[in-house]
>>> print(open('coords_22.cif').read())   # mmCIF, C-alpha atoms
data_coords
loop_
_atom_site.group_PDB
_atom_site.id
_atom_site.type_symbol
_atom_site.label_atom_id
_atom_site.label_comp_id
_atom_site.auth_asym_id
_atom_site.auth_seq_id
_atom_site.Cartn_x
_atom_site.Cartn_y
_atom_site.Cartn_z
ATOM 1 C CA ALA C 1 1.716 -57.479 -9.439
ATOM 2 C CA LEU C 2 0.355 -54.851 -7.093
ATOM 3 C CA GLU C 3 -3.341 -54.712 -6.302
ATOM 4 C CA HIS C 4 -3.842 -51.344 -8.003
ATOM 5 C CA PRO C 5 -6.476 -49.832 -10.347
ATOM 6 C CA THR C 6 -3.852 -49.234 -13.049
ATOM 7 C CA VAL C 7 -2.869 -52.908 -13.000
ATOM 8 C CA ARG C 8 -6.487 -54.044 -13.073
ATOM 9 C CA GLU C 9 -7.191 -51.798 -16.059
ATOM 10 C CA ALA C 10 -4.143 -53.146 -17.883
ATOM 11 C CA VAL C 11 -5.196 -56.760 -17.317
ATOM 12 C CA ASP C 12 -8.724 -56.043 -18.540
ATOM 13 C CA ALA C 13 -7.425 -54.140 -21.570
ATOM 14 C CA LEU C 14 -5.278 -57.126 -22.532
ATOM 15 C CA ALA C 15 -8.240 -59.472 -22.124
ATOM 16 C CA GLU C 16 -10.330 -57.307 -24.449
ATOM 17 C CA ARG C 17 -7.598 -57.719 -27.076
ATOM 18 C CA GLY C 18 -7.603 -61.489 -26.611
ATOM 19 C CA VAL C 19 -4.313 -61.561 -24.698
ATOM 20 C CA PRO C 20 -4.591 -63.788 -21.603
ATOM 21 C CA SER C 21 -2.928 -62.886 -18.314
ATOM 22 C CA VAL C 22 -2.028 -65.233 -15.478
ATOM 23 C CA THR C 23 -1.392 -63.824 -12.008
ATOM 24 C CA LEU C 24 1.582 -65.410 -10.269
ATOM 25 C CA ILE C 25 2.212 -65.583 -6.489
ATOM 26 C CA SER C 26 -0.212 -62.708 -5.768
ATOM 27 C CA ASP C 27 -3.683 -62.518 -7.336
ATOM 28 C CA ILE C 28 -5.533 -59.420 -8.585
ATOM 29 C CA ALA C 29 -9.218 -59.287 -7.718
ATOM 30 C CA ASN C 30 -12.071 -58.380 -10.047
ATOM 31 C CA THR C 31 -10.164 -58.664 -13.306
ATOM 32 C CA ALA C 32 -10.474 -60.716 -16.468
ATOM 33 C CA ARG C 33 -7.225 -62.562 -15.769
ATOM 34 C CA ALA C 34 -7.271 -66.115 -17.084
ATOM 35 C CA ALA C 35 -6.022 -67.861 -13.935
ATOM 36 C CA TYR C 36 -4.089 -67.489 -10.685
ATOM 37 C CA VAL C 37 -1.067 -69.649 -9.860
ATOM 38 C CA GLY C 38 0.071 -69.497 -6.266
ATOM 39 C CA LEU C 39 -0.606 -70.472 -2.700
ATOM 40 C CA ASP C 40 -3.804 -70.049 -0.751
ATOM 41 C CA ASN C 41 -2.252 -67.088 1.036
ATOM 42 C CA ARG C 42 -4.837 -66.907 3.779
ATOM 43 C CA ALA C 43 -3.983 -70.526 4.635
ATOM 44 C CA ALA C 44 -0.268 -69.641 4.433
ATOM 45 C CA GLY C 45 -0.752 -66.880 7.006
ATOM 46 C CA ARG C 46 -2.640 -69.235 9.312
ATOM 47 C CA THR C 47 0.121 -71.807 8.884
ATOM 48 C CA ALA C 48 2.744 -69.250 9.894
ATOM 49 C CA GLY C 49 0.697 -68.343 12.950
ATOM 50 C CA GLN C 50 0.287 -71.971 13.953
ATOM 51 C CA LEU C 51 4.013 -72.600 13.627
ATOM 52 C CA ILE C 52 4.919 -69.572 15.735
ATOM 53 C CA ALA C 53 2.314 -70.375 18.387
ATOM 54 C CA ARG C 54 3.494 -73.970 18.692
ATOM 55 C CA PHE C 55 7.153 -72.936 18.879
ATOM 56 C CA ILE C 56 6.354 -70.389 21.605
ATOM 57 C CA GLY C 57 4.284 -72.813 23.638
ATOM 58 C CA PRO C 58 1.455 -72.265 26.153
ATOM 59 C CA ARG C 59 2.326 -68.892 27.669
ATOM 60 C CA ARG C 60 1.480 -65.223 27.283
ATOM 61 C CA ALA C 61 3.592 -63.666 24.559
ATOM 62 C CA LYS C 62 3.864 -60.985 21.885
ATOM 63 C CA VAL C 63 4.437 -61.536 18.194
ATOM 64 C CA ALA C 64 4.817 -59.111 15.284
ATOM 65 C CA MET C 65 4.491 -59.088 11.496
ATOM 66 C CA ILE C 66 6.657 -57.429 8.861
ATOM 67 C CA ALA C 67 5.044 -57.207 5.420
ATOM 68 C CA GLY C 68 6.573 -56.389 2.072
ATOM 69 C CA SER C 69 3.651 -54.217 1.023
ATOM 70 C CA LEU C 70 -0.040 -54.598 1.750
ATOM 71 C CA SER C 71 -0.596 -53.400 -1.812
ATOM 72 C CA TYR C 72 0.107 -57.045 -2.680
ATOM 73 C CA ARG C 73 -3.061 -59.060 -2.269
ATOM 74 C CA ALA C 74 -0.950 -62.045 -1.184
ATOM 75 C CA HIS C 75 0.544 -60.114 1.721
ATOM 76 C CA GLU C 76 -2.841 -58.763 2.788
ATOM 77 C CA GLU C 77 -4.343 -62.260 2.764
ATOM 78 C CA ARG C 78 -1.405 -63.671 4.751
ATOM 79 C CA GLU C 79 -1.877 -60.941 7.337
ATOM 80 C CA MET C 80 -5.610 -61.729 7.661
ATOM 81 C CA GLY C 81 -4.968 -65.441 8.070
ATOM 82 C CA PHE C 82 -2.265 -64.804 10.663
ATOM 83 C CA LEU C 83 -4.422 -62.436 12.731
ATOM 84 C CA HIS C 84 -7.506 -64.633 12.628
ATOM 85 C CA LEU C 85 -5.536 -67.682 13.748
ATOM 86 C CA PHE C 86 -4.440 -65.979 16.963
ATOM 87 C CA GLU C 87 -7.870 -64.466 17.580
ATOM 88 C CA GLU C 88 -9.494 -67.891 17.254
ATOM 89 C CA LEU C 89 -7.022 -70.232 18.906
ATOM 90 C CA TYR C 90 -4.331 -68.382 20.866
ATOM 91 C CA PRO C 91 -5.840 -65.432 22.778
ATOM 92 C CA ASP C 92 -2.854 -65.344 25.162
ATOM 93 C CA ILE C 93 -0.548 -64.363 22.298
ATOM 94 C CA GLU C 94 -0.812 -60.693 21.374
ATOM 95 C CA VAL C 95 -0.052 -59.491 17.850
ATOM 96 C CA VAL C 96 1.551 -56.113 18.547
ATOM 97 C CA GLY C 97 1.503 -54.616 15.089
ATOM 98 C CA LEU C 98 2.226 -54.765 11.404
ATOM 99 C CA ARG C 99 5.095 -52.955 9.732
ATOM 100 C CA GLU C 100 5.915 -52.655 6.038
ATOM 101 C CA GLY C 101 9.497 -53.264 4.943
ATOM 102 C CA HIS C 102 8.806 -53.280 1.179
ATOM 103 C CA ASP C 103 10.897 -56.457 0.791
ATOM 104 C CA ASP C 104 13.989 -54.345 1.479
ATOM 105 C CA GLU C 105 16.756 -55.701 3.708
ATOM 106 C CA ALA C 106 17.733 -52.312 5.152
ATOM 107 C CA LYS C 107 14.131 -51.315 5.891
ATOM 108 C CA ASN C 108 13.413 -54.675 7.514
ATOM 109 C CA TYR C 109 16.513 -54.216 9.654
ATOM 110 C CA ARG C 110 15.295 -50.815 10.882
ATOM 111 C CA GLN C 111 11.753 -52.078 11.456
ATOM 112 C CA THR C 112 13.033 -55.009 13.511
ATOM 113 C CA ARG C 113 15.284 -52.771 15.592
ATOM 114 C CA MET C 114 12.299 -50.552 16.373
ATOM 115 C CA LEU C 115 10.141 -53.545 17.277
ATOM 116 C CA LEU C 116 12.793 -54.865 19.657
ATOM 117 C CA GLY C 117 13.114 -51.432 21.259
ATOM 118 C CA GLN C 118 9.365 -51.050 21.747
ATOM 119 C CA HIS C 119 8.729 -54.662 22.775
ATOM 120 C CA PRO C 120 11.752 -56.148 24.573
ATOM 121 C CA ASP C 121 9.588 -59.152 25.467
ATOM 122 C CA LEU C 122 8.826 -59.944 21.814
ATOM 123 C CA ALA C 123 8.647 -63.710 21.250
ATOM 124 C CA GLY C 124 7.986 -64.113 17.511
ATOM 125 C CA ILE C 125 8.265 -62.421 14.115
ATOM 126 C CA TYR C 126 6.436 -63.378 10.925
ATOM 127 C CA ASN C 127 8.079 -62.000 7.785
ATOM 128 C CA ILE C 128 5.232 -61.890 5.267
ATOM 129 C CA GLY C 129 7.417 -60.822 2.338
ATOM 130 C CA GLY C 130 11.102 -60.689 1.399
ATOM 131 C CA GLY C 131 14.251 -59.199 2.902
ATOM 132 C CA PRO C 132 14.749 -61.743 5.698
ATOM 133 C CA GLU C 133 18.456 -60.913 5.995
ATOM 134 C CA GLY C 134 17.611 -57.528 7.509
ATOM 135 C CA ILE C 135 15.456 -59.072 10.217
ATOM 136 C CA ALA C 136 18.103 -61.697 10.907
ATOM 137 C CA ARG C 137 20.866 -59.088 11.234
ATOM 138 C CA ALA C 138 18.835 -57.125 13.773
ATOM 139 C CA LEU C 139 18.101 -60.261 15.798
ATOM 140 C CA LYS C 140 21.748 -61.324 15.783
ATOM 141 C CA GLU C 141 23.018 -57.878 16.802
ATOM 142 C CA ALA C 142 20.530 -57.760 19.663
ATOM 143 C CA GLY C 143 21.376 -61.296 20.759
ATOM 144 C CA ARG C 144 17.721 -62.252 20.254
ATOM 145 C CA GLN C 145 17.937 -65.451 18.245
ATOM 146 C CA ASP C 146 15.569 -66.865 20.854
ATOM 147 C CA ILE C 147 12.755 -65.066 18.983
ATOM 148 C CA VAL C 148 10.765 -67.433 16.778
ATOM 149 C CA PHE C 149 11.285 -66.284 13.194
ATOM 150 C CA VAL C 150 9.123 -67.644 10.357
ATOM 151 C CA GLY C 151 9.108 -66.412 6.754
ATOM 152 C CA HIS C 152 8.458 -67.286 3.138
ATOM 153 C CA GLY C 153 10.456 -68.659 0.215
ATOM 154 C CA LEU C 154 13.348 -71.135 0.315
ATOM 155 C CA THR C 155 16.301 -69.213 -1.128
ATOM 156 C CA PRO C 156 20.070 -69.371 -0.523
ATOM 157 C CA GLU C 157 19.554 -66.635 2.090
ATOM 158 C CA THR C 158 16.740 -68.304 4.014
ATOM 159 C CA ARG C 159 18.539 -71.646 3.738
ATOM 160 C CA GLY C 160 21.551 -70.126 5.479
ATOM 161 C CA LEU C 161 19.358 -68.600 8.183
ATOM 162 C CA LEU C 162 17.711 -71.967 8.825
ATOM 163 C CA VAL C 163 21.111 -73.644 9.089
ATOM 164 C CA ASP C 164 22.473 -71.131 11.618
ATOM 165 C CA GLY C 165 19.269 -71.241 13.649
ATOM 166 C CA THR C 166 18.150 -67.645 13.130
ATOM 167 C CA MET C 167 15.038 -68.740 11.230
ATOM 168 C CA ASP C 168 12.873 -71.519 12.592
ATOM 169 C CA ALA C 169 10.724 -72.322 9.557
ATOM 170 C CA VAL C 170 10.198 -71.284 5.941
ATOM 171 C CA ILE C 171 6.880 -71.607 4.114
ATOM 172 C CA THR C 172 7.536 -72.229 0.447
ATOM 173 C CA GLN C 173 6.336 -73.716 -2.815
ATOM 174 C CA GLN C 174 8.165 -75.397 -5.675
ATOM 175 C CA PRO C 175 9.107 -72.624 -8.137
ATOM 176 C CA LEU C 176 9.569 -74.992 -11.095
ATOM 177 C CA ALA C 177 6.156 -76.588 -10.564
ATOM 178 C CA THR C 178 4.609 -73.120 -10.293
ATOM 179 C CA LEU C 179 6.133 -71.995 -13.576
ATOM 180 C CA MET C 180 5.163 -75.233 -15.302
ATOM 181 C CA SER C 181 1.568 -74.611 -14.215
ATOM 182 C CA CYS C 182 1.733 -71.256 -16.000
ATOM 183 C CA VAL C 183 3.017 -72.963 -19.143
ATOM 184 C CA ALA C 184 0.220 -75.544 -18.930
ATOM 185 C CA ILE C 185 -2.415 -72.824 -18.521
ATOM 186 C CA PHE C 186 -1.261 -70.959 -21.625
ATOM 187 C CA ALA C 187 -1.141 -74.248 -23.555
ATOM 188 C CA ASN C 188 -4.720 -74.989 -22.464
ATOM 189 C CA LEU C 189 -5.908 -71.564 -23.555
ATOM 190 C CA ARG C 190 -4.221 -71.904 -26.939
ATOM 191 C CA ALA C 191 -5.894 -75.291 -27.422
ATOM 192 C CA GLY C 192 -9.314 -73.978 -26.365
ATOM 193 C CA ARG C 193 -9.435 -75.990 -23.148
ATOM 194 C CA PRO C 194 -10.385 -74.631 -19.705
ATOM 195 C CA ALA C 195 -7.447 -72.647 -18.344
ATOM 196 C CA ALA C 196 -6.767 -74.754 -15.257
ATOM 197 C CA GLU C 197 -7.381 -78.193 -16.808
ATOM 198 C CA GLY C 198 -4.767 -80.672 -15.621
ATOM 199 C CA THR C 199 -3.168 -78.236 -13.172
ATOM 200 C CA ALA C 200 -3.258 -78.123 -9.388
ATOM 201 C CA ARG C 201 -2.820 -75.269 -6.954
ATOM 202 C CA PRO C 202 0.682 -75.363 -5.430
ATOM 203 C CA GLY C 203 0.743 -76.907 -1.992
ATOM 204 C CA ILE C 204 2.183 -75.214 1.087
ATOM 205 C CA GLU C 205 5.524 -76.721 2.068
ATOM 206 C CA ILE C 206 7.102 -76.182 5.492
ATOM 207 C CA VAL C 207 10.898 -76.353 5.558
ATOM 208 C CA LEU C 208 12.864 -76.659 8.792
ATOM 209 C CA ARG C 209 16.612 -77.001 9.281
ATOM 210 C CA GLU C 210 16.128 -80.724 9.779
ATOM 211 C CA ASN C 211 14.351 -81.349 6.462
ATOM 212 C CA LEU C 212 16.201 -78.981 4.113
ATOM 213 C CA PRO C 213 16.021 -80.389 0.566
#
>>> encode(input="coords_22.cif", output="structure tokens")
Amino acid sequence: ALEHPTVREAVDALAERGVPSVTLISDIANTARAAYVGLDNRAAGRTAGQLIARFIGPRRAKVAMIAGSLSYRAHEEREMGFLHLFEELYPDIEVVGLREGHDDEAKNYRQTRMLLGQHPDLAGIYNIGGGPEGIARALKEAGRQDIVFVGHGLTPETRGLLVDGTMDAVITQQPLATLMSCVAIFANLRAGRPAAEGTARPGIEIVLRENLP
């Protein structure tokens, strides 16, 4: 859910009625939610930055980010991790900006076209959210599949983009394991046990064309 006062109030109102809430994929700060199930998104952003930097190699370069919406705490944390990684370890790589595509293919297409027009020497793109097909279409039309392209979530779409070489890496987590953690948390709460007992935070998985499951 969005990081928004209305959402926080709704979560707290449910908690007051004894109805537990679990945040999934993106957390909501300062609420009475029972638990969060999802990646360490700051670490995910740093991982994306490390992948892009290593693919680019030791040279001066420009990279860009396209977010779904920074109203999602997950996207904001990924952005922070990504930026800090380059500030700390790769000062020769310039992050030229952040654009919001709202997980929409058409908007991501337009944002990518604008980025390519403004920065013809762009070397990498990190797609923080969804809509990777739009970014891929813009790269293909411009003949810029040399640009390192890293995103999130192994789906039929991102799988195809890995296979054809448009995407270089996908950061993902096991959706079934994530959902089963939610089930386990609610079972714990019903039984009076600590919410997270017997569960583990999903690990970050990096999928390349060569190791597609």
>>> closest_residue(input="coords_22.cif", among="C:Ala53, C:Ile171, C:Ala64, C:Met180", to="Leu24 of chain C", atoms="all atoms listed in the file")
C:Met180
>>> closest_residue(input="coords_22.cif", among="C:Ala34, C:Pro194, C:Glu79, C:Leu161", to="Val11 of chain C", atoms="all atoms listed in the file")
C:Ala34
>>> closest_residue(input="coords_22.cif", among="C:Asp92, C:Asp40, C:Asp164, C:Asp104", to="Gly57 of chain C", atoms="only C-alpha atoms")
C:Asp92
>>> resolve_selection(input="coords_22.cif", expression="the PyMOL selection byres ((chain C and resi 200-204) around 8)", output="PDB file with C-alpha atoms, in the coordinates of the input")
ATOM      1  CA  VAL C  37      -1.067 -69.649  -9.860  1.00  0.00           C
ATOM      2  CA  GLY C  38       0.071 -69.497  -6.266  1.00  0.00           C
ATOM      3  CA  LEU C  39      -0.606 -70.472  -2.700  1.00  0.00           C
ATOM      4  CA  ALA C  44      -0.268 -69.641   4.433  1.00  0.00           C
ATOM      5  CA  ILE C 171       6.880 -71.607   4.114  1.00  0.00           C
ATOM      6  CA  THR C 172       7.536 -72.229   0.447  1.00  0.00           C
ATOM      7  CA  GLN C 173       6.336 -73.716  -2.815  1.00  0.00           C
ATOM      8  CA  GLN C 174       8.165 -75.397  -5.675  1.00  0.00           C
ATOM      9  CA  ALA C 177       6.156 -76.588 -10.564  1.00  0.00           C
ATOM     10  CA  THR C 178       4.609 -73.120 -10.293  1.00  0.00           C
ATOM     11  CA  SER C 181       1.568 -74.611 -14.215  1.00  0.00           C
ATOM     12  CA  ALA C 196      -6.767 -74.754 -15.257  1.00  0.00           C
ATOM     13  CA  GLY C 198      -4.767 -80.672 -15.621  1.00  0.00           C
ATOM     14  CA  THR C 199      -3.168 -78.236 -13.172  1.00  0.00           C
ATOM     15  CA  GLU C 205       5.524 -76.721   2.068  1.00  0.00           C
ATOM     16  CA  ILE C 206       7.102 -76.182   5.492  1.00  0.00           C
TER      17      ILE C 206
END
>>> closest_residue(input="coords_22.cif", among="C:Arg190, C:Pro213, C:Ile147, C:Met114", to="Val19 of chain C", atoms="only C-alpha atoms")
C:Arg190
>>> atom_distance(input="coords_22.cif", atom1="atom CA of Glu76 of chain C", atom2="atom CA of Val183 of chain C")
26.8 Å
>>> resolve_selection(input="coords_22.cif", expression="the PyMOL selection byres ((chain C and resi 84) around 12)", output="list in words")
Arg42, Ala43, Gly45, Arg46, Thr47, Ala48, Gly49, Gln50, Glu77, Arg78, Glu79, Met80, Gly81, Phe82, Leu83, Leu85, Phe86, Glu87, Glu88, Leu89, Tyr90, Pro91, Ile93, Glu94 and Val95 of chain C
>>> atom_distance(input="coords_22.cif", atom1="atom CA of Val170 of chain C", atom2="atom CA of Ser21 of chain C")
28.8 Å
>>> atom_distance(input="coords_22.cif", atom1="atom CA of Lys62 of chain C", atom2="atom CA of Arg144 of chain C")
14.0 Å
>>> closest_residue(input="coords_22.cif", among="C:Leu122, C:Ile28, C:Leu208, C:Ala35", to="Ile56 of chain C", atoms="all atoms listed in the file")
C:Leu122
>>> closest_residue(input="coords_22.cif", among="C:Glu100, C:Glu141, C:Asp27, C:Glu16", to="Tyr126 of chain C", atoms="all atoms listed in the file")
C:Glu100
>>> resolve_selection(input="coords_22.cif", expression="the PyMOL selection byres ((chain C and resi 115) around 12)", output="ChimeraX atom specification")
/C:62-66,95-99,108-114,116-125,135,138-139,142,144,147
>>> write_last_selection(input="coords_22.cif", atoms="C-alpha atoms", output="PDB file, in the frame of the given file")
ATOM      1  CA  LYS C  62       3.864 -60.985  21.885  1.00  0.00           C
ATOM      2  CA  VAL C  63       4.437 -61.536  18.194  1.00  0.00           C
ATOM      3  CA  ALA C  64       4.817 -59.111  15.284  1.00  0.00           C
ATOM      4  CA  MET C  65       4.491 -59.088  11.496  1.00  0.00           C
ATOM      5  CA  ILE C  66       6.657 -57.429   8.861  1.00  0.00           C
ATOM      6  CA  VAL C  95      -0.052 -59.491  17.850  1.00  0.00           C
ATOM      7  CA  VAL C  96       1.551 -56.113  18.547  1.00  0.00           C
ATOM      8  CA  GLY C  97       1.503 -54.616  15.089  1.00  0.00           C
ATOM      9  CA  LEU C  98       2.226 -54.765  11.404  1.00  0.00           C
ATOM     10  CA  ARG C  99       5.095 -52.955   9.732  1.00  0.00           C
ATOM     11  CA  ASN C 108      13.413 -54.675   7.514  1.00  0.00           C
ATOM     12  CA  TYR C 109      16.513 -54.216   9.654  1.00  0.00           C
ATOM     13  CA  ARG C 110      15.295 -50.815  10.882  1.00  0.00           C
ATOM     14  CA  GLN C 111      11.753 -52.078  11.456  1.00  0.00           C
ATOM     15  CA  THR C 112      13.033 -55.009  13.511  1.00  0.00           C
ATOM     16  CA  ARG C 113      15.284 -52.771  15.592  1.00  0.00           C
ATOM     17  CA  MET C 114      12.299 -50.552  16.373  1.00  0.00           C
ATOM     18  CA  LEU C 116      12.793 -54.865  19.657  1.00  0.00           C
ATOM     19  CA  GLY C 117      13.114 -51.432  21.259  1.00  0.00           C
ATOM     20  CA  GLN C 118       9.365 -51.050  21.747  1.00  0.00           C
ATOM     21  CA  HIS C 119       8.729 -54.662  22.775  1.00  0.00           C
ATOM     22  CA  PRO C 120      11.752 -56.148  24.573  1.00  0.00           C
ATOM     23  CA  ASP C 121       9.588 -59.152  25.467  1.00  0.00           C
ATOM     24  CA  LEU C 122       8.826 -59.944  21.814  1.00  0.00           C
ATOM     25  CA  ALA C 123       8.647 -63.710  21.250  1.00  0.00           C
ATOM     26  CA  GLY C 124       7.986 -64.113  17.511  1.00  0.00           C
ATOM     27  CA  ILE C 125       8.265 -62.421  14.115  1.00  0.00           C
ATOM     28  CA  ILE C 135      15.456 -59.072  10.217  1.00  0.00           C
ATOM     29  CA  ALA C 138      18.835 -57.125  13.773  1.00  0.00           C
ATOM     30  CA  LEU C 139      18.101 -60.261  15.798  1.00  0.00           C
ATOM     31  CA  ALA C 142      20.530 -57.760  19.663  1.00  0.00           C
ATOM     32  CA  ARG C 144      17.721 -62.252  20.254  1.00  0.00           C
ATOM     33  CA  ILE C 147      12.755 -65.066  18.983  1.00  0.00           C
TER      34      ILE C 147
END
>>> residues_around(input="coords_22.cif", residues="Gly160 of chain C", least_positions_apart="4", cutoff="12 Å", atoms="only C-alpha atoms", output="ChimeraX atom specification")
/C:132-133,136,154-156,164-170,208-209,212
>>> residues_around(input="coords_22.cif", residues="Ser69 of chain C", least_positions_apart="4", cutoff="8 Å", atoms="all atoms listed in the file", output="list in words")
His75, Glu100, Gly101, His102, Asp103 and Gly129 of chain C
>>> decode(input="coords_22.cif", residues="segment 39-52 of chain C", atoms="N, CA, C and O atoms", output="mmCIF file, in the first residue's frame")
data_model
loop_
_atom_site.group_PDB
_atom_site.id
_atom_site.type_symbol
_atom_site.label_atom_id
_atom_site.label_comp_id
_atom_site.auth_asym_id
_atom_site.auth_seq_id
_atom_site.Cartn_x
_atom_site.Cartn_y
_atom_site.Cartn_z
ATOM 1 N N LEU C 39 11.323 -7.646 0.960
ATOM 2 C CA LEU C 39 12.761 -7.479 0.918
ATOM 3 C C LEU C 39 13.220 -6.331 1.812
ATOM 4 O O LEU C 39 12.441 -5.449 2.170
ATOM 5 N N ASP C 40 14.502 -6.348 2.142
ATOM 6 C CA ASP C 40 15.174 -5.162 2.655
ATOM 7 C C ASP C 40 15.395 -4.289 1.423
ATOM 8 O O ASP C 40 16.321 -4.512 0.632
ATOM 9 N N ASN C 41 14.527 -3.313 1.219
ATOM 10 C CA ASN C 41 14.532 -2.574 -0.039
ATOM 11 C C ASN C 41 15.724 -1.638 -0.181
ATOM 12 O O ASN C 41 16.147 -1.343 -1.307
ATOM 13 N N ARG C 42 16.256 -1.186 0.914
ATOM 14 C CA ARG C 42 17.485 -0.389 0.828
ATOM 15 C C ARG C 42 18.618 -1.267 0.276
ATOM 16 O O ARG C 42 19.386 -0.842 -0.587
ATOM 17 N N ALA C 43 18.713 -2.491 0.789
ATOM 18 C CA ALA C 43 19.721 -3.433 0.287
ATOM 19 C C ALA C 43 19.454 -3.777 -1.175
ATOM 20 O O ALA C 43 20.393 -3.952 -1.966
ATOM 21 N N ALA C 44 18.173 -3.880 -1.567
ATOM 22 C CA ALA C 44 17.836 -4.175 -2.956
ATOM 23 C C ALA C 44 18.309 -3.060 -3.873
ATOM 24 O O ALA C 44 18.826 -3.314 -4.971
ATOM 25 N N GLY C 45 18.133 -1.807 -3.444
ATOM 26 C CA GLY C 45 18.613 -0.681 -4.246
ATOM 27 C C GLY C 45 20.125 -0.669 -4.373
ATOM 28 O O GLY C 45 20.672 -0.389 -5.452
ATOM 29 N N ARG C 46 20.820 -0.988 -3.291
ATOM 30 C CA ARG C 46 22.282 -1.064 -3.342
ATOM 31 C C ARG C 46 22.725 -2.202 -4.260
ATOM 32 O O ARG C 46 23.702 -2.072 -5.005
ATOM 33 N N THR C 47 21.993 -3.311 -4.208
ATOM 34 C CA THR C 47 22.317 -4.442 -5.077
ATOM 35 C C THR C 47 22.183 -4.056 -6.540
ATOM 36 O O THR C 47 23.038 -4.392 -7.377
ATOM 37 N N ALA C 48 21.093 -3.349 -6.875
ATOM 38 C CA ALA C 48 20.904 -2.897 -8.248
ATOM 39 C C ALA C 48 22.044 -1.982 -8.679
ATOM 40 O O ALA C 48 22.567 -2.102 -9.798
ATOM 41 N N GLY C 49 22.443 -1.077 -7.800
ATOM 42 C CA GLY C 49 23.546 -0.186 -8.117
ATOM 43 C C GLY C 49 24.855 -0.930 -8.336
ATOM 44 O O GLY C 49 25.609 -0.624 -9.263
ATOM 45 N N GLN C 50 25.102 -1.912 -7.502
ATOM 46 C CA GLN C 50 26.336 -2.701 -7.641
ATOM 47 C C GLN C 50 26.347 -3.464 -8.961
ATOM 48 O O GLN C 50 27.371 -3.521 -9.649
ATOM 49 N N LEU C 51 25.213 -4.043 -9.315
ATOM 50 C CA LEU C 51 25.125 -4.770 -10.580
ATOM 51 C C LEU C 51 25.407 -3.842 -11.765
ATOM 52 O O LEU C 51 26.205 -4.167 -12.653
ATOM 53 N N ILE C 52 24.745 -2.687 -11.769
ATOM 54 C CA ILE C 52 24.922 -1.756 -12.885
ATOM 55 C C ILE C 52 26.362 -1.270 -12.948
ATOM 56 O O ILE C 52 26.971 -1.224 -14.036
#
